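Here's the structure we're looking at; comments come further down.
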Amino acid sequence: MKTKYIKMTFLYLLLVAGIIVVVMPMVYMISTSLKPNGALYEFPPKFFPQLSEITLENYQFIIGQGKFYVNFFNSIFVSVTTVLIAAMVASAMGFCIARFDFFGKKFLFIFILLTMIIPGTTLIVPQYELAVKLKVINKLSGLIPFYIAWVIPYSTFMIKGFVENIPKELDEAIYMDGGSVFTVFFRIILPLAKPGIASVSIFNFLTAWEEFPWANTVINDNLKRTLPIAISGFFGQHQFTQWGYVFALSVLSLIPILLVFIFCQKFFVAGLTTGGVKG
Amino acid sequence: MRKGSKCEGKTSHSLIERHAKAYERGASASMKKKTMGNKLQIGVLLLPGLLIFGIFTVYPIFKLFIMSFFKWDFGSMLEQQFIGMQNYKEVLGDTYFRTSFVNTLVYTLVTVPAQMILGLLVAVFINSIAHLKVSFRVLYYLPVITSWVIASLVFKYIFNTEGMLNYFLTNVIHVTSQNIRWLDSRWSGLSVAMLLGTWKGIGWNMVVFLAALQTVPMELYEVAGIDGAGTIKKFFHVTIPCIRGTILFALVMLTIGGFNVFTSIKMITGGEPGHQTDTILTWMYYKAFSTGKFGYSAALSFIIAVCLALLAALQFKLMKNNEKG
């Protein structure tokens with residue numbers, strides 16, 4: 001019994017030590033954002049600011065700038081629109097692939113798998129060409145459809161899996177009662193696949209919220225920027241980076257993600273594990 | 001247990017199928033009248049997704065392939081010229097490409113096993129404790145939801161020549177007397193990116209492996225215990241074989257992720273010094289958007305895409321064989 005206690009204590013200690021290493025960079029970021037922005041690199045650097053030093057001046061500066069609200073709104077608008085449209089479109093596709101045979105289904109499925117494999121950034125050159133042709137450079141409409149297309153494969157694949165777990169008899173009962181494909185989709189599939197759609201949507205939100213390479217390529221205009229490019233924009237040549245501002249903005253931009261994460265934890269895990277266990 | 005539940009699944013499935021067939025016989029008459037309408041409705045459901053996916057993803061894939069055979073310079077878009085395999089030759093003969101390829105390979109070979117081993121360890125530990133499971137899980141998952149841009153900047157700040165780490169090394173534990181220029185040389189710059197990739201990936205692996213550990217039947221551990229196996233023996237002879245499927249799944253996903261590394265390199269070193277720390281994607285991006293060589297970048301992208309598709313196909317095949325055996 002005694003050895004078991006020692007073993008358990010040891011496990012907890014190891015886990016706590018791991019947590020300290022894992023969380024340290026985040027804590028350092030927050031503590032830097034609370035320090036006065038005077039010195040570029042303070043000497044000696046302190047992990048925690050002294051209590052008397054703690055200041056919100058970095059946050060005040062960021063919030064005092066009008067463009068913060070614009071960038072924040074842009075990020076919210078792009079992410080929410082992406083999530084909503086992707087949820088509708090991918091549920092419909094996932095349902096059709098799970099339940100019906102149609103012309104080109106195999107072909108479509110191959111492309112869905114293929115695009116889950118190849119890195120999204122490899123398509124950046126032809127996509128940029130397309131964006132130029134469609135005249136959506138420097139516009140939020142240059143982000144949203146690309147993001148939706150980007151998350152469709154994974155979302156469809158996951159939702160198809162969820163739909164396959166819904167018993168087919170439910171569909172049959174609706175058809176017997178004279179219902180149509182639409183009735184089945186809206187009355188049976190959507191309500192029952194809701195947890196699956198929710199978990200996929202959380203991941204889509206994360207993806208759109210933090211996307212950097214594409215937004216950085218398409219958007220130049222200060223007022224069209226989403227938060228990730230606004231953050232990287234702060235950080236110009238290395239010598240003149242004002243880290244206090246950079247990290248204050250970073251902390252602010254992490255808040256929505258943390259809220260989503262805290263309130264939707266169970267969906268998070270559900271989304272991950274379906275893929276994991278099936279594999 | 002896993003095999004058992006699979007079998008159960010099959011029997012109940014065939015029962016459902018029999019029921020479904022009986023239903024179908026009854027329903028077929030009324031269904032026939034409706035098929036045209038239903039086909040139309042299926043089309044309506046599929047159309048928006050197909051359009052968006054087709055225009056913004058599938059079309060660019062074909063376009064990428066075509067562009068890779070052209071001299072396609074950005075800015076002079078009118079003078080596209082078919083040059084056959086010239087772009088491919090140029091890519092493969094390029095020493096910068098080779099450097100970036102080696103960097104990407106090293107990045108993947110280091111970060112994938114590192115994340116998997118650490119993630120699995122954390123999962124096993126969390127799985128065997130009684131209290132605070134959820135708190136640990138949430139805290140270890142935090143780096144995963146931190147965006148790449150932010151995480152990269154934090155690491156850049158810590159590893160900067162005047163940063164926290166150097167202060168710690170020189171003035172607190174006195175390992176060196178001079179600040180180390182972490183970000184100014186190839187392997188130390190890449191190491192910072194690899195450290196970041198590992199740090200950010202542990203949480204994902206932990207969650208995936210935690211789920212897999214739930215599927216390992218307790219009886220197997222008991223039997224192994226009776227046979228006198230210790231904790232470590234149990235881990236290698238019971239746990240690992242039982243979660244083989246998940247290990248392969250994680251391997252596929254992480255390999256794809258490793259080749260996808262872009263934002264961290266771009267933010268932390270920017271490929272400096274002299275493209276020594278570029279990965280294939282940052283090098284591709286540089287060629288496209290800093291020098292305007294769209295054709296070159298298209299050929300390079302196509303090579304990466306094909307390599308990854310083949311690699312993933314191979315890994316999926318391994319996975320299938322594994323399920324059979």
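Letters A, B, ... mark the chains of the structure tokens in the order given; residue numbers begin at 1 per chain; ligand numbers begin at 1, in order shown.
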
I'd like a table as JSON lines: residues in chain A with an atom no more than 6 Å from chain B, each row giving the shortest atom pair and its distance in Å to one decimal, only C-alpha atoms counted, sorted by chain and rising residue number.
{"residue": "A:Val89", "atom": "CA", "partner": "B:Gly49", "partner_atom": "CA", "distance": 5.0}
{"residue": "A:Ala92", "atom": "CA", "partner": "B:Leu45", "partner_atom": "CA", "distance": 5.3}
{"residue": "A:Met93", "atom": "CA", "partner": "B:Leu46", "partner_atom": "CA", "distance": 5.4}
{"residue": "A:Ile118", "atom": "CA", "partner": "B:Ala305", "partner_atom": "CA", "distance": 5.2}
{"residue": "A:Pro119", "atom": "CA", "partner": "B:Asn260", "partner_atom": "CA", "distance": 5.4}
{"residue": "A:Thr122", "atom": "CA", "partner": "B:Ser301", "partner_atom": "CA", "distance": 4.9}
{"residue": "A:Pro126", "atom": "CA", "partner": "B:Pro60", "partner_atom": "CA", "distance": 5.2}
{"residue": "A:Gln127", "atom": "CA", "partner": "B:Pro60", "partner_atom": "CA", "distance": 5.8}
{"residue": "A:Phe146", "atom": "CA", "partner": "B:Phe56", "partner_atom": "CA", "distance": 5.9}
{"residue": "A:Ala149", "atom": "CA", "partner": "B:Phe53", "partner_atom": "CA", "distance": 4.9}
{"residue": "A:Met176", "atom": "CA", "partner": "B:Ala27", "partner_atom": "CA", "distance": 5.6}
{"residue": "A:Val181", "atom": "CA", "partner": "B:Asn38", "partner_atom": "CA", "distance": 5.7}
{"residue": "A:Glu210", "atom": "CA", "partner": "B:Ser147", "partner_atom": "CA", "distance": 5.4}
{"residue": "A:Thr273", "atom": "CA", "partner": "B:Val208", "partner_atom": "CA", "distance": 5.9}
{"residue": "A:Gly276", "atom": "CA", "partner": "B:Val208", "partner_atom": "CA", "distance": 5.7}
{"residue": "A:Gly279", "atom": "CA", "partner": "B:Phe249", "partner_atom": "CA", "distance": 5.2}

Now that the selection is made, can you save its residues with C-alpha atoms as a short mmCIF file (atom, residue, chain, number, x, y, z; two decimals), in the first residue's frame?
data_model
loop_
_atom_site.label_atom_id
_atom_site.label_comp_id
_atom_site.auth_asym_id
_atom_site.auth_seq_id
_atom_site.Cartn_x
_atom_site.Cartn_y
_atom_site.Cartn_z
CA VAL A 89 -22.91 22.95 -46.44
CA ALA A 92 -25.77 18.47 -46.32
CA MET A 93 -22.81 16.88 -48.09
CA ILE A 118 -2.10 17.78 -48.85
CA PRO A 119 -1.08 20.87 -46.86
CA THR A 122 0.63 24.23 -51.19
CA PRO A 126 -3.21 29.00 -57.68
CA GLN A 127 -5.61 30.26 -55.01
CA PHE A 146 -11.46 30.05 -49.12
CA ALA A 149 -13.56 25.41 -48.87
CA MET A 176 -43.07 5.60 -45.20
CA VAL A 181 -35.22 13.84 -48.47
CA GLU A 210 -6.05 31.80 -36.11
CA THR A 273 -11.98 11.00 -30.24
CA GLY A 276 -8.99 8.73 -33.01
CA GLY A 279 -8.33 5.07 -36.77
#

Item to check | Picked from range 52-228 of chain B by DSSP as alpha helix (DSSP H), as number ranges by chain | outcome: B: 52-53, 59-67, 86-92, 95-128, 133-145, 148-159, 164-167, 186-214, 218-226

Item to check | Selection near Gly66 in chain A, 12 Å with only C-alpha atoms, sequence-local residues under 6 positions removed, as a list in words | outcome: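 Within the cut-off, the hits are Gln60, Phe72, Phe73, Asn222 and Leu223 of chain A.
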
Checklist entry - CA of Thr226 in chain A and CA of Ser75 in chain A, how far apart in Å? => result 4.8 Å

Checklist entry - Any idea what's packed within 7 Å of range 140-143 of chain A, counting only C-alpha atoms, ignoring anything in its chain fewer than 5 positions away? Could you give it as JSON, numbers by chain? => result {"A": [131, 215, 218, 224]}

Residue selection dump (C-alpha atoms) as a PDB file, in the first residue's frame:
ATOM      1  CA  ALA A 131      -8.428  35.608 -55.818  1.00  0.00           C
ATOM      2  CA  ALA A 215      -4.861  36.204 -44.681  1.00  0.00           C
ATOM      3  CA  VAL A 218      -4.511  38.443 -49.408  1.00  0.00           C
ATOM      4  CA  LYS A 224      -9.289  44.692 -43.433  1.00  0.00           C
TER       5      LYS A 224
END

Next on the checklist: What's around Phe234 in chain A at 8 Å? Count only C-alpha atoms, leave out sequence neighbours fewer than 3 positions away in its own chain, and write the answer as a list in words.
Outcome noted: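 Result of the neighbour search: Ala230, Ile231, Thr241, Gln242, Tyr245 and Val246 of chain A.
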
May I have the residues from that selection written out with N, CA and C atoms, as an mmCIF file, in the first residue's frame?
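Below is the file that was written, result-v5.cif:
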data_model
loop_
_atom_site.group_PDB
_atom_site.id
_atom_site.type_symbol
_atom_site.label_atom_id
_atom_site.label_comp_id
_atom_site.auth_asym_id
_atom_site.auth_seq_id
_atom_site.Cartn_x
_atom_site.Cartn_y
_atom_site.Cartn_z
ATOM 1 N N ALA A 230 -2.917 41.391 -37.612
ATOM 2 C CA ALA A 230 -2.737 42.617 -36.832
ATOM 3 C C ALA A 230 -1.609 42.413 -35.826
ATOM 4 N N ILE A 231 -1.591 41.226 -35.204
ATOM 5 C CA ILE A 231 -0.540 40.935 -34.222
ATOM 6 C C ILE A 231 0.821 40.906 -34.904
ATOM 7 N N THR A 241 10.517 46.047 -31.938
ATOM 8 C CA THR A 241 9.268 45.427 -31.518
ATOM 9 C C THR A 241 8.905 45.867 -30.110
ATOM 10 N N GLN A 242 7.652 46.293 -29.937
ATOM 11 C CA GLN A 242 7.204 46.643 -28.591
ATOM 12 C C GLN A 242 6.413 45.468 -28.050
ATOM 13 N N TYR A 245 2.960 45.647 -26.246
ATOM 14 C CA TYR A 245 1.770 45.803 -27.091
ATOM 15 C C TYR A 245 1.425 44.482 -27.775
ATOM 16 N N VAL A 246 2.467 43.832 -28.328
ATOM 17 C CA VAL A 246 2.243 42.575 -29.049
ATOM 18 C C VAL A 246 1.512 41.570 -28.159
#

Next on the checklist: Env of Trp209 in chain A: 6 Å cut, atoms = only C-alpha atoms, seq-sep filter 3 positions within chain, self excluded. Answer as number ranges by chain.
Outcome noted: A: 79, 205-206

Could those selected residues go to a file with C-alpha atoms, as a CSV table (one decimal), in the first residue's frame?
chain,number,residue,atom,x,y,z
A,79,SER,CA,-14.9,33.2,-38.3
A,205,PHE,CA,-13.9,28.4,-35.6
A,206,LEU,CA,-10.4,27.8,-34.3

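Note that the spacing between CA of Tyr107 in chain B and CA of Met194 in chain B amounts to 6.1 Å.
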
Checklist entry - CA of Val192 in chain B to CA of Val144 in chain B: how many Å, to one decimal? => result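 Spanning CA of Val192 in chain B to CA of Val144 in chain B is a straight-line distance of 17.0 Å.
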